[in-house]
file data.csv (CSV, N, CA and C atoms)
chain,number,residue,atom,x,y,z
A,734,THR,N,-0.2,-9.0,-39.5
A,734,THR,CA,-0.2,-8.0,-38.5
A,734,THR,C,0.1,-8.6,-37.1
A,735,MET,N,0.6,-7.7,-36.2
A,735,MET,CA,1.0,-8.2,-34.9
A,735,MET,C,0.0,-7.6,-33.9
A,736,ALA,N,0.1,-8.2,-32.7
A,736,ALA,CA,-0.7,-7.7,-31.6
A,736,ALA,C,-0.3,-6.3,-31.3
A,737,LYS,N,-1.2,-5.5,-30.7
A,737,LYS,CA,-1.0,-4.1,-30.4
A,737,LYS,C,-0.9,-3.9,-28.9
A,738,THR,N,0.1,-3.2,-28.5
A,738,THR,CA,0.3,-2.9,-27.0
A,738,THR,C,0.1,-1.5,-26.7
A,739,GLU,N,-0.7,-1.2,-25.7
A,739,GLU,CA,-1.0,0.1,-25.2
A,739,GLU,C,-0.5,0.2,-23.8
A,740,GLU,N,0.2,1.3,-23.5
A,740,GLU,CA,0.7,1.6,-22.1
A,740,GLU,C,-0.5,2.1,-21.3
A,741,ILE,N,-0.7,1.6,-20.1
A,741,ILE,CA,-1.8,2.0,-19.2
A,741,ILE,C,-1.2,2.4,-17.8
A,742,ASP,N,-2.0,3.1,-17.1
A,742,ASP,CA,-1.7,3.4,-15.7
A,742,ASP,C,-2.5,2.4,-14.8
A,743,VAL,N,-1.8,1.8,-13.9
A,743,VAL,CA,-2.5,0.9,-12.9
A,743,VAL,C,-2.5,1.5,-11.6
A,744,ILE,N,-3.7,1.7,-11.0
A,744,ILE,CA,-3.8,2.3,-9.7
A,744,ILE,C,-4.0,1.2,-8.7
A,745,CYS,N,-3.2,1.2,-7.6
A,745,CYS,CA,-3.3,0.2,-6.6
A,745,CYS,C,-3.1,0.8,-5.2
A,746,ALA,N,-3.5,0.1,-4.2
A,746,ALA,CA,-3.4,0.6,-2.8
A,746,ALA,C,-2.0,0.7,-2.4
A,747,GLY,N,-1.7,1.7,-1.7
A,747,GLY,CA,-0.3,1.8,-1.1
A,747,GLY,C,-0.2,1.1,0.2
A,748,SER,N,0.9,1.3,0.9
A,748,SER,CA,1.2,0.6,2.1
A,748,SER,C,0.5,1.3,3.3
A,749,LYS,N,0.1,2.5,3.1
A,749,LYS,CA,-0.6,3.2,4.2
A,749,LYS,C,-2.1,3.4,3.9
A,750,PRO,N,-2.9,3.4,4.9
A,750,PRO,CA,-4.4,3.5,4.7
A,750,PRO,C,-4.7,4.8,3.8
A,751,GLY,N,-5.5,4.6,2.8
A,751,GLY,CA,-5.9,5.7,2.0
A,751,GLY,C,-4.9,6.1,0.9
A,752,GLU,N,-3.7,5.5,0.9
A,752,GLU,CA,-2.7,5.8,0.0
A,752,GLU,C,-2.9,5.0,-1.3
A,753,THR,N,-2.6,5.6,-2.5
A,753,THR,CA,-2.7,4.9,-3.7
A,753,THR,C,-1.4,5.2,-4.5
A,754,LEU,N,-1.0,4.2,-5.3
A,754,LEU,CA,0.2,4.3,-6.2
A,754,LEU,C,-0.3,4.1,-7.6
A,755,THR,N,0.4,4.8,-8.5
A,755,THR,CA,0.2,4.6,-9.9
A,755,THR,C,1.4,3.9,-10.5
A,756,LEU,N,1.2,2.7,-11.1
A,756,LEU,CA,2.2,1.9,-11.6
A,756,LEU,C,2.1,1.8,-13.1
A,757,ALA,N,3.3,1.6,-13.8
A,757,ALA,CA,3.3,1.5,-15.3
A,757,ALA,C,2.7,0.1,-15.6
A,758,GLY,N,1.8,0.1,-16.6
A,758,GLY,CA,1.2,-1.1,-17.0
A,758,GLY,C,1.0,-1.2,-18.5
A,759,ALA,N,0.6,-2.3,-19.0
A,759,ALA,CA,0.4,-2.4,-20.5
A,759,ALA,C,-0.7,-3.5,-20.7
A,760,VAL,N,-1.4,-3.3,-21.8
A,760,VAL,CA,-2.4,-4.3,-22.3
A,760,VAL,C,-2.0,-4.5,-23.8
A,761,THR,N,-1.9,-5.8,-24.1
A,761,THR,CA,-1.6,-6.2,-25.5
A,761,THR,C,-2.8,-6.9,-26.0
A,762,ARG,N,-3.3,-6.4,-27.1
A,762,ARG,CA,-4.6,-6.9,-27.7
A,762,ARG,C,-4.3,-7.7,-29.0
A,763,PRO,N,-5.2,-8.6,-29.3
A,763,PRO,CA,-5.0,-9.4,-30.5
A,763,PRO,C,-5.0,-8.5,-31.7
A,764,SER,N,-4.2,-8.9,-32.7
A,764,SER,CA,-4.1,-8.1,-33.9
A,764,SER,C,-5.4,-7.9,-34.7
A,765,ASP,N,-6.4,-8.9,-34.5
A,765,ASP,CA,-7.6,-8.8,-35.2
A,765,ASP,C,-8.6,-7.8,-34.5
A,766,GLY,N,-8.2,-7.3,-33.3
A,766,GLY,CA,-9.0,-6.3,-32.6
A,766,GLY,C,-10.2,-6.9,-31.9
A,767,ARG,N,-10.4,-8.2,-31.8
A,767,ARG,CA,-11.6,-8.7,-31.2
A,767,ARG,C,-11.6,-8.5,-29.7
A,768,LYS,N,-12.8,-8.4,-29.2
A,768,LYS,CA,-13.0,-8.2,-27.7
A,768,LYS,C,-13.2,-9.6,-27.1
A,769,CYS,N,-12.8,-9.7,-25.9
A,769,CYS,CA,-12.8,-11.0,-25.2
A,769,CYS,C,-13.1,-10.8,-23.7
A,770,ARG,N,-13.9,-11.6,-23.1
A,770,ARG,CA,-14.3,-11.5,-21.7
A,770,ARG,C,-13.3,-12.2,-20.8
A,771,THR,N,-12.3,-12.9,-21.4
A,771,THR,CA,-11.3,-13.6,-20.7
A,771,THR,C,-10.0,-12.9,-21.0
A,772,CYS,N,-9.1,-12.8,-20.1
A,772,CYS,CA,-7.8,-12.2,-20.3
A,772,CYS,C,-6.7,-13.0,-19.6
A,773,VAL,N,-5.5,-12.7,-20.0
A,773,VAL,CA,-4.3,-13.2,-19.3
A,773,VAL,C,-3.7,-12.1,-18.5
A,774,ILE,N,-3.4,-12.4,-17.2
A,774,ILE,CA,-2.6,-11.5,-16.4
A,774,ILE,C,-1.2,-12.1,-16.3
A,775,LEU,N,-0.2,-11.4,-16.9
A,775,LEU,CA,1.1,-11.9,-17.0
A,775,LEU,C,2.0,-11.1,-16.0
A,776,LEU,N,2.5,-11.8,-15.0
A,776,LEU,CA,3.3,-11.2,-14.0
A,776,LEU,C,4.8,-11.5,-14.1
A,777,HIS,N,5.7,-10.5,-13.9
A,777,HIS,CA,7.1,-10.7,-14.0
A,777,HIS,C,7.7,-11.2,-12.7
A,778,GLY,N,8.9,-11.7,-12.8
A,778,GLY,CA,9.6,-12.1,-11.6
A,778,GLY,C,10.1,-10.9,-10.7
A,779,GLU,N,10.7,-11.2,-9.6
A,779,GLU,CA,11.1,-10.2,-8.7
A,779,GLU,C,12.0,-9.1,-9.2
A,780,GLU,N,12.9,-9.4,-10.1
A,780,GLU,CA,13.9,-8.5,-10.6
A,780,GLU,C,13.4,-7.8,-11.9
A,781,GLY,N,12.3,-8.1,-12.4
A,781,GLY,CA,11.9,-7.7,-13.7
A,781,GLY,C,11.0,-6.5,-13.7
A,782,ASP,N,10.4,-6.2,-14.9
A,782,ASP,CA,9.4,-5.2,-15.1
A,782,ASP,C,8.5,-5.7,-16.3
A,783,LEU,N,7.5,-4.9,-16.6
A,783,LEU,CA,6.5,-5.3,-17.6
A,783,LEU,C,7.1,-5.5,-19.0
A,784,HIS,N,8.3,-5.0,-19.2
A,784,HIS,CA,9.0,-5.2,-20.5
A,784,HIS,C,10.3,-6.1,-20.4
A,785,SER,N,10.4,-6.8,-19.3
A,785,SER,CA,11.6,-7.6,-19.2
A,785,SER,C,11.7,-8.6,-20.3
A,786,THR,N,12.9,-9.1,-20.5
A,786,THR,CA,13.4,-10.0,-21.6
A,786,THR,C,12.3,-10.6,-22.4
A,787,HIS,N,11.5,-11.5,-21.8
A,787,HIS,CA,10.5,-12.2,-22.6
A,787,HIS,C,9.1,-11.7,-22.5
A,788,MET,N,8.8,-10.7,-21.7
A,788,MET,CA,7.5,-10.3,-21.4
A,788,MET,C,6.8,-9.7,-22.6
A,789,ASP,N,7.4,-8.9,-23.4
A,789,ASP,CA,6.8,-8.3,-24.6
A,789,ASP,C,6.5,-9.4,-25.6
A,790,SER,N,7.4,-10.3,-25.9
A,790,SER,CA,7.2,-11.3,-26.9
A,790,SER,C,6.1,-12.3,-26.5
A,791,THR,N,6.2,-12.6,-25.2
A,791,THR,CA,5.2,-13.6,-24.6
A,791,THR,C,3.8,-13.0,-24.7
A,792,ALA,N,3.6,-11.7,-24.3
A,792,ALA,CA,2.3,-11.0,-24.4
A,792,ALA,C,1.8,-11.0,-25.9
A,793,ASP,N,2.7,-10.6,-26.8
A,793,ASP,CA,2.3,-10.6,-28.2
A,793,ASP,C,1.8,-12.0,-28.7
A,794,SER,N,2.6,-13.0,-28.3
A,794,SER,CA,2.3,-14.4,-28.8
A,794,SER,C,1.0,-14.9,-28.1
A,795,LEU,N,0.8,-14.6,-26.8
A,795,LEU,CA,-0.4,-15.1,-26.2
A,795,LEU,C,-1.7,-14.3,-26.7
A,796,ALA,N,-1.5,-13.0,-27.0
A,796,ALA,CA,-2.7,-12.2,-27.5
A,796,ALA,C,-3.1,-12.7,-28.8
A,797,ASP,N,-2.2,-13.0,-29.7
A,797,ASP,CA,-2.5,-13.4,-31.1
A,797,ASP,C,-2.9,-14.9,-31.1
A,798,THR,N,-2.3,-15.7,-30.3
A,798,THR,CA,-2.6,-17.2,-30.3
A,798,THR,C,-3.9,-17.5,-29.6
A,799,LEU,N,-4.1,-16.9,-28.4
A,799,LEU,CA,-5.4,-17.1,-27.7
A,799,LEU,C,-6.5,-16.2,-28.0
A,800,LYS,N,-6.2,-15.1,-28.8
A,800,LYS,CA,-7.2,-14.1,-29.2
A,800,LYS,C,-7.8,-13.5,-28.0
A,801,THR,N,-7.0,-13.1,-27.0
A,801,THR,CA,-7.4,-12.5,-25.8
A,801,THR,C,-6.4,-11.4,-25.3
A,802,PRO,N,-6.9,-10.4,-24.6
A,802,PRO,CA,-5.9,-9.4,-24.2
A,802,PRO,C,-5.0,-9.9,-23.1
A,803,VAL,N,-3.8,-9.4,-23.0
A,803,VAL,CA,-2.8,-9.8,-22.0
A,803,VAL,C,-2.4,-8.5,-21.3
A,804,PHE,N,-2.6,-8.5,-19.9
A,804,PHE,CA,-2.3,-7.4,-19.1
A,804,PHE,C,-1.1,-7.6,-18.3
A,805,ARG,N,-0.3,-6.5,-18.1
A,805,ARG,CA,1.0,-6.6,-17.4
A,805,ARG,C,1.1,-5.3,-16.5
A,806,VAL,N,1.9,-5.4,-15.4
A,806,VAL,CA,2.2,-4.3,-14.6
A,806,VAL,C,3.6,-4.4,-14.1
A,807,THR,N,4.3,-3.3,-13.9
A,807,THR,CA,5.6,-3.3,-13.2
A,807,THR,C,5.4,-3.2,-11.7
A,808,MET,N,5.8,-4.2,-11.0
A,808,MET,CA,5.7,-4.3,-9.6
A,808,MET,C,7.0,-3.8,-9.1
A,809,SER,N,7.0,-2.5,-8.6
A,809,SER,CA,8.2,-1.8,-8.4
A,809,SER,C,9.0,-2.1,-7.1
A,810,SER,N,8.5,-3.1,-6.3
A,810,SER,CA,9.1,-3.5,-5.1
A,810,SER,C,9.1,-5.0,-5.0
A,811,SER,N,10.1,-5.5,-4.2
A,811,SER,CA,10.1,-6.9,-4.0
A,811,SER,C,9.2,-7.3,-2.8
A,812,ASP,N,8.7,-6.4,-2.1
A,812,ASP,CA,7.8,-6.6,-1.0
A,812,ASP,C,6.5,-7.4,-1.4
A,813,LEU,N,6.3,-8.5,-0.8
A,813,LEU,CA,5.2,-9.4,-1.2
A,813,LEU,C,3.8,-8.6,-1.2
A,814,ASN,N,3.6,-7.9,-0.2
A,814,ASN,CA,2.3,-7.2,-0.1
A,814,ASN,C,2.1,-6.1,-1.2
A,815,HIS,N,3.2,-5.5,-1.5
A,815,HIS,CA,3.2,-4.5,-2.7
A,815,HIS,C,2.8,-5.3,-4.0
A,816,ARG,N,3.5,-6.4,-4.2
A,816,ARG,CA,3.3,-7.2,-5.4
A,816,ARG,C,1.8,-7.7,-5.5
A,817,LEU,N,1.3,-8.1,-4.4
A,817,LEU,CA,-0.1,-8.5,-4.4
A,817,LEU,C,-1.1,-7.3,-4.7
A,818,ARG,N,-0.8,-6.2,-4.1
A,818,ARG,CA,-1.7,-5.0,-4.3
A,818,ARG,C,-1.6,-4.6,-5.8
A,819,ALA,N,-0.4,-4.6,-6.4
A,819,ALA,CA,-0.2,-4.3,-7.8
A,819,ALA,C,-1.0,-5.2,-8.7
A,820,ALA,N,-0.9,-6.5,-8.4
A,820,ALA,CA,-1.7,-7.5,-9.2
A,820,ALA,C,-3.2,-7.3,-9.0
A,821,HIS,N,-3.6,-7.0,-7.8
A,821,HIS,CA,-5.0,-6.7,-7.6
A,821,HIS,C,-5.5,-5.4,-8.3
A,822,GLY,N,-4.6,-4.4,-8.3
A,822,GLY,CA,-5.0,-3.2,-9.1
A,822,GLY,C,-5.1,-3.5,-10.6
A,823,LEU,N,-4.2,-4.3,-11.1
A,823,LEU,CA,-4.3,-4.7,-12.5
A,823,LEU,C,-5.6,-5.4,-12.8
A,824,MET,N,-5.9,-6.4,-11.9
A,824,MET,CA,-7.2,-7.1,-12.2
A,824,MET,C,-8.4,-6.2,-12.1
A,825,HIS,N,-8.4,-5.3,-11.1
A,825,HIS,CA,-9.5,-4.4,-11.0
A,825,HIS,C,-9.6,-3.5,-12.3
A,826,LEU,N,-8.5,-3.0,-12.8
A,826,LEU,CA,-8.6,-2.3,-14.1
A,826,LEU,C,-9.1,-3.1,-15.2
A,827,ALA,N,-8.7,-4.4,-15.3
A,827,ALA,CA,-9.2,-5.2,-16.4
A,827,ALA,C,-10.7,-5.4,-16.2
A,828,LEU,N,-11.2,-5.6,-15.0
A,828,LEU,CA,-12.6,-5.8,-14.7
A,828,LEU,C,-13.4,-4.5,-15.1
A,829,VAL,N,-13.0,-3.4,-14.5
A,829,VAL,CA,-13.8,-2.2,-14.6
A,829,VAL,C,-13.7,-1.5,-15.9
A,830,ASP,N,-12.4,-1.3,-16.4
A,830,ASP,CA,-12.2,-0.5,-17.6
A,830,ASP,C,-12.2,-1.3,-18.9
A,831,PHE,N,-12.0,-2.6,-18.8
A,831,PHE,CA,-12.0,-3.4,-20.1
A,831,PHE,C,-13.0,-4.4,-20.2
A,832,GLY,N,-13.9,-4.6,-19.1
A,832,GLY,CA,-15.0,-5.5,-19.2
A,832,GLY,C,-14.7,-6.9,-19.1
A,833,VAL,N,-13.5,-7.2,-18.6
A,833,VAL,CA,-13.0,-8.6,-18.5
A,833,VAL,C,-13.8,-9.3,-17.4
A,834,GLN,N,-14.2,-10.6,-17.6
A,834,GLN,CA,-14.9,-11.3,-16.5
A,834,GLN,C,-14.1,-12.5,-16.0
A,835,HIS,N,-13.2,-13.0,-16.8
A,835,HIS,CA,-12.4,-14.2,-16.4
A,835,HIS,C,-10.9,-13.9,-16.6
A,836,PHE,N,-10.1,-14.5,-15.7
A,836,PHE,CA,-8.7,-14.3,-15.7
A,836,PHE,C,-7.9,-15.6,-15.8
A,837,VAL,N,-6.8,-15.6,-16.6
A,837,VAL,CA,-5.8,-16.7,-16.5
A,837,VAL,C,-4.6,-16.0,-16.0
A,838,LEU,N,-4.1,-16.4,-14.9
A,838,LEU,CA,-2.9,-15.8,-14.2
A,838,LEU,C,-1.7,-16.6,-14.6
A,839,GLY,N,-0.7,-15.9,-15.1
A,839,GLY,CA,0.6,-16.6,-15.5
A,839,GLY,C,1.7,-15.7,-15.2
A,840,GLY,N,2.9,-16.3,-15.3
A,840,GLY,CA,4.1,-15.6,-15.1
A,840,GLY,C,5.3,-16.5,-14.8
A,841,GLN,N,6.4,-15.9,-14.5
A,841,GLN,CA,7.6,-16.7,-14.2
A,841,GLN,C,7.9,-16.6,-12.8
A,842,SER,N,8.2,-17.7,-12.1
A,842,SER,CA,8.5,-17.7,-10.7
A,842,SER,C,9.4,-18.9,-10.4
A,843,ASN,N,10.2,-18.7,-9.4
A,843,ASN,CA,11.0,-19.9,-8.9
A,843,ASN,C,10.3,-20.4,-7.7
A,844,ASP,N,9.1,-20.1,-7.4
A,844,ASP,CA,8.3,-20.5,-6.3
A,844,ASP,C,8.8,-20.1,-4.9
A,845,ALA,N,9.8,-19.2,-4.9
A,845,ALA,CA,10.3,-18.7,-3.6
A,845,ALA,C,9.2,-18.0,-2.8
A,846,ARG,N,8.2,-17.4,-3.5
A,846,ARG,CA,7.2,-16.6,-2.8
A,846,ARG,C,6.0,-17.4,-2.3
A,847,GLU,N,5.8,-18.6,-2.8
A,847,GLU,CA,4.6,-19.3,-2.5
A,847,GLU,C,4.4,-19.4,-1.0
A,848,PRO,N,5.4,-19.9,-0.1
A,848,PRO,CA,5.1,-19.9,1.3
A,848,PRO,C,4.8,-18.5,1.9
A,849,ASP,N,5.5,-17.5,1.4
A,849,ASP,CA,5.2,-16.1,1.9
A,849,ASP,C,3.8,-15.7,1.5
A,850,TYR,N,3.3,-16.0,0.3
A,850,TYR,CA,2.0,-15.7,-0.2
A,850,TYR,C,1.0,-16.3,0.7
A,851,LYS,N,1.1,-17.6,1.0
A,851,LYS,CA,0.1,-18.3,1.8
A,851,LYS,C,0.1,-17.8,3.2
A,852,ARG,N,1.2,-17.5,3.8
A,852,ARG,CA,1.3,-16.9,5.1
A,852,ARG,C,0.7,-15.5,5.1
A,853,GLY,N,1.0,-14.7,4.1
A,853,GLY,CA,0.5,-13.3,4.0
A,853,GLY,C,-1.0,-13.3,3.9
A,854,VAL,N,-1.6,-14.1,3.1
A,854,VAL,CA,-3.0,-14.2,2.9
A,854,VAL,C,-3.7,-14.6,4.2
A,855,HIS,N,-3.1,-15.6,4.8
A,855,HIS,CA,-3.7,-16.1,6.1
A,855,HIS,C,-3.6,-15.0,7.2
A,856,ARG,N,-2.5,-14.3,7.3
A,856,ARG,CA,-2.3,-13.3,8.3
A,856,ARG,C,-3.1,-12.1,8.0
A,857,ALA,N,-3.2,-11.7,6.8
A,857,ALA,CA,-4.0,-10.5,6.4
A,857,ALA,C,-5.5,-10.7,6.4
A,858,GLY,N,-5.9,-12.0,6.3
A,858,GLY,CA,-7.3,-12.3,6.3
A,858,GLY,C,-8.1,-11.9,5.1
A,859,TRP,N,-7.4,-11.7,4.0
A,859,TRP,CA,-8.0,-11.4,2.7
A,859,TRP,C,-7.3,-12.0,1.6
A,860,ASN,N,-7.9,-12.2,0.5
A,860,ASN,CA,-7.3,-12.8,-0.7
A,860,ASN,C,-7.4,-11.8,-1.8
A,861,PRO,N,-6.2,-11.2,-2.2
A,861,PRO,CA,-6.2,-10.2,-3.3
A,861,PRO,C,-6.7,-10.8,-4.6
A,862,PHE,N,-6.8,-12.1,-4.8
A,862,PHE,CA,-7.2,-12.7,-6.0
A,862,PHE,C,-8.7,-13.1,-5.9
A,863,SER,N,-9.4,-12.6,-4.9
A,863,SER,CA,-10.8,-13.1,-4.7
A,863,SER,C,-11.7,-12.8,-5.9
A,864,GLN,N,-11.4,-11.9,-6.8
A,864,GLN,CA,-12.3,-11.6,-7.9
A,864,GLN,C,-12.0,-12.4,-9.1
A,865,ILE,N,-11.0,-13.3,-9.0
A,865,ILE,CA,-10.7,-14.2,-10.1
A,865,ILE,C,-11.8,-15.2,-10.3
A,866,GLN,N,-12.2,-15.4,-11.5
A,866,GLN,CA,-13.2,-16.5,-11.7
A,866,GLN,C,-12.5,-17.5,-12.6
A,867,GLN,N,-13.0,-18.7,-12.5
A,867,GLN,CA,-12.4,-19.8,-13.3
A,867,GLN,C,-12.9,-19.6,-14.8
A,868,VAL,N,-12.0,-19.9,-15.7
A,868,VAL,CA,-12.4,-19.9,-17.1
A,868,VAL,C,-13.3,-21.1,-17.4
A,869,PRO,N,-14.5,-20.9,-18.0
A,869,PRO,CA,-15.4,-22.0,-18.3
A,869,PRO,C,-14.7,-23.1,-19.1
A,870,ARG,N,-14.9,-24.3,-18.9
A,870,ARG,CA,-14.3,-25.4,-19.7
A,870,ARG,C,-15.2,-25.7,-20.8
call {"tool": "encode", "arguments": {"input": "data.csv", "output": "structure tokens"}}
result
Amino acid sequence: TMAKTEEIDVICAGSKPGETLTLAGAVTRPSDGRKCRTCVILLHGEEGDLHSTHMDSTADSLADTLKTPVFRVTMSSSDLNHRLRAAHGLMHLALVDFGVQHFVLGGQSNDAREPDYKRGVHRAGWNPFSQIQQVPR
């Protein structure tokens, strides 16, 4: 049997106060159906979406190998703040709706965003990944 993928709606903050956006998302669960308090958040690169080239097969493989759910979201803009809000919305959904307590964050990047991310977090005074907890060793 293979991992099972379910399409989900991810609600995140918009660019204006009080605005929300609904983005396409997916959760891929292990084929054995087991529940897990740790999940993988798999993010795509700037030009991709949640079903880009390798995203589906990577989610399937991680779910069945690690026996943990894999969450994805299509970040519909290249704007760094939008991408951070989309990732935060996905993590919130995993916490609230799926009972996840720990995250492993992964994805493909050429590191072009790292300096922007650091400046954005410092300038905004908040960390969109503040709810991430380390996976126990």
call {"tool": "select_by_dssp", "arguments": {"input": "data.csv", "residues": "segment 765-848 of chain A", "states": "helix (DSSP H, G or I)", "output": "count of residues only"}}
result
33
call {"tool": "axis_aligned_box", "arguments": {"input": "data.csv", "around": "segment 761-764 of chain A", "padding_each_side": "6 Å", "output": "JSON"}}
result
{"center_x": -3.5, "center_y": -7.6, "center_z": -29.4, "size_x": 15.8, "size_y": 15.6, "size_z": 22.6}
call {"tool": "closest_residue", "arguments": {"input": "data.csv", "among": "A:Cys769, A:Leu756, A:Leu775, A:Ala746", "to": "Thr801 of chain A", "atoms": "all atoms listed in the file"}}
result
A:Cys769
call {"tool": "residues_around", "arguments": {"input": "data.csv", "residues": "Thr798 of chain A", "least_positions_apart": "6", "cutoff": "12 Å", "atoms": "only C-alpha atoms", "output": "VMD selection string"}}
result
chain A and resid 735 to 736 762 to 765 773 790 to 792
call {"tool": "closest_residue", "arguments": {"input": "data.csv", "among": "A:Arg805, A:Lys800, A:Lys749, A:His815", "to": "Ile774 of chain A", "atoms": "all atoms listed in the file"}}
result
A:Arg805
call {"tool": "atom_distance", "arguments": {"input": "data.csv", "atom1": "atom CA of Ser748 of chain A", "atom2": "atom C of Thr761 of chain A"}}
result
29.4 Å
call {"tool": "residues_around", "arguments": {"input": "data.csv", "residues": "His835 of chain A", "least_positions_apart": "4", "cutoff": "5 Å", "atoms": "all atoms listed in the file", "output": "ChimeraX atom specification"}}
result
/A:770-772
call {"tool": "atom_distance", "arguments": {"input": "data.csv", "atom1": "atom CA of His777 of chain A", "atom2": "atom CA of Leu813 of chain A"}}
result
13.0 Å
call {"tool": "atom_distance", "arguments": {"input": "data.csv", "atom1": "atom CA of Asn814 of chain A", "atom2": "atom CA of Cys745 of chain A"}}
result
11.3 Å
call {"tool": "closest_residue", "arguments": {"input": "data.csv", "among": "A:Arg818, A:Asp812, A:Leu823, A:Val837", "to": "Ala759 of chain A", "atoms": "only C-alpha atoms"}}
result
A:Leu823
call {"tool": "closest_residue", "arguments": {"input": "data.csv", "among": "A:Leu776, A:Ala827, A:Val760, A:Val803", "to": "Glu739 of chain A", "atoms": "only N, CA and C atoms"}}
result
A:Val760
call {"tool": "residues_around", "arguments": {"input": "data.csv", "residues": "Met808 of chain A", "least_positions_apart": "6", "cutoff": "7 Å", "atoms": "all atoms listed in the file", "output": "number ranges by chain"}}
result
A: 757, 777, 781-783, 815-816, 819
call {"tool": "closest_residue", "arguments": {"input": "data.csv", "among": "A:Gln834, A:Thr786, A:Thr755, A:Ser794", "to": "Val806 of chain A", "atoms": "only C-alpha atoms"}}
result
A:Thr755
call {"tool": "closest_residue", "arguments": {"input": "data.csv", "among": "A:Asp742, A:Ser811, A:Ala820, A:Gly747", "to": "Gly778 of chain A", "atoms": "all atoms listed in the file"}}
result
A:Ser811
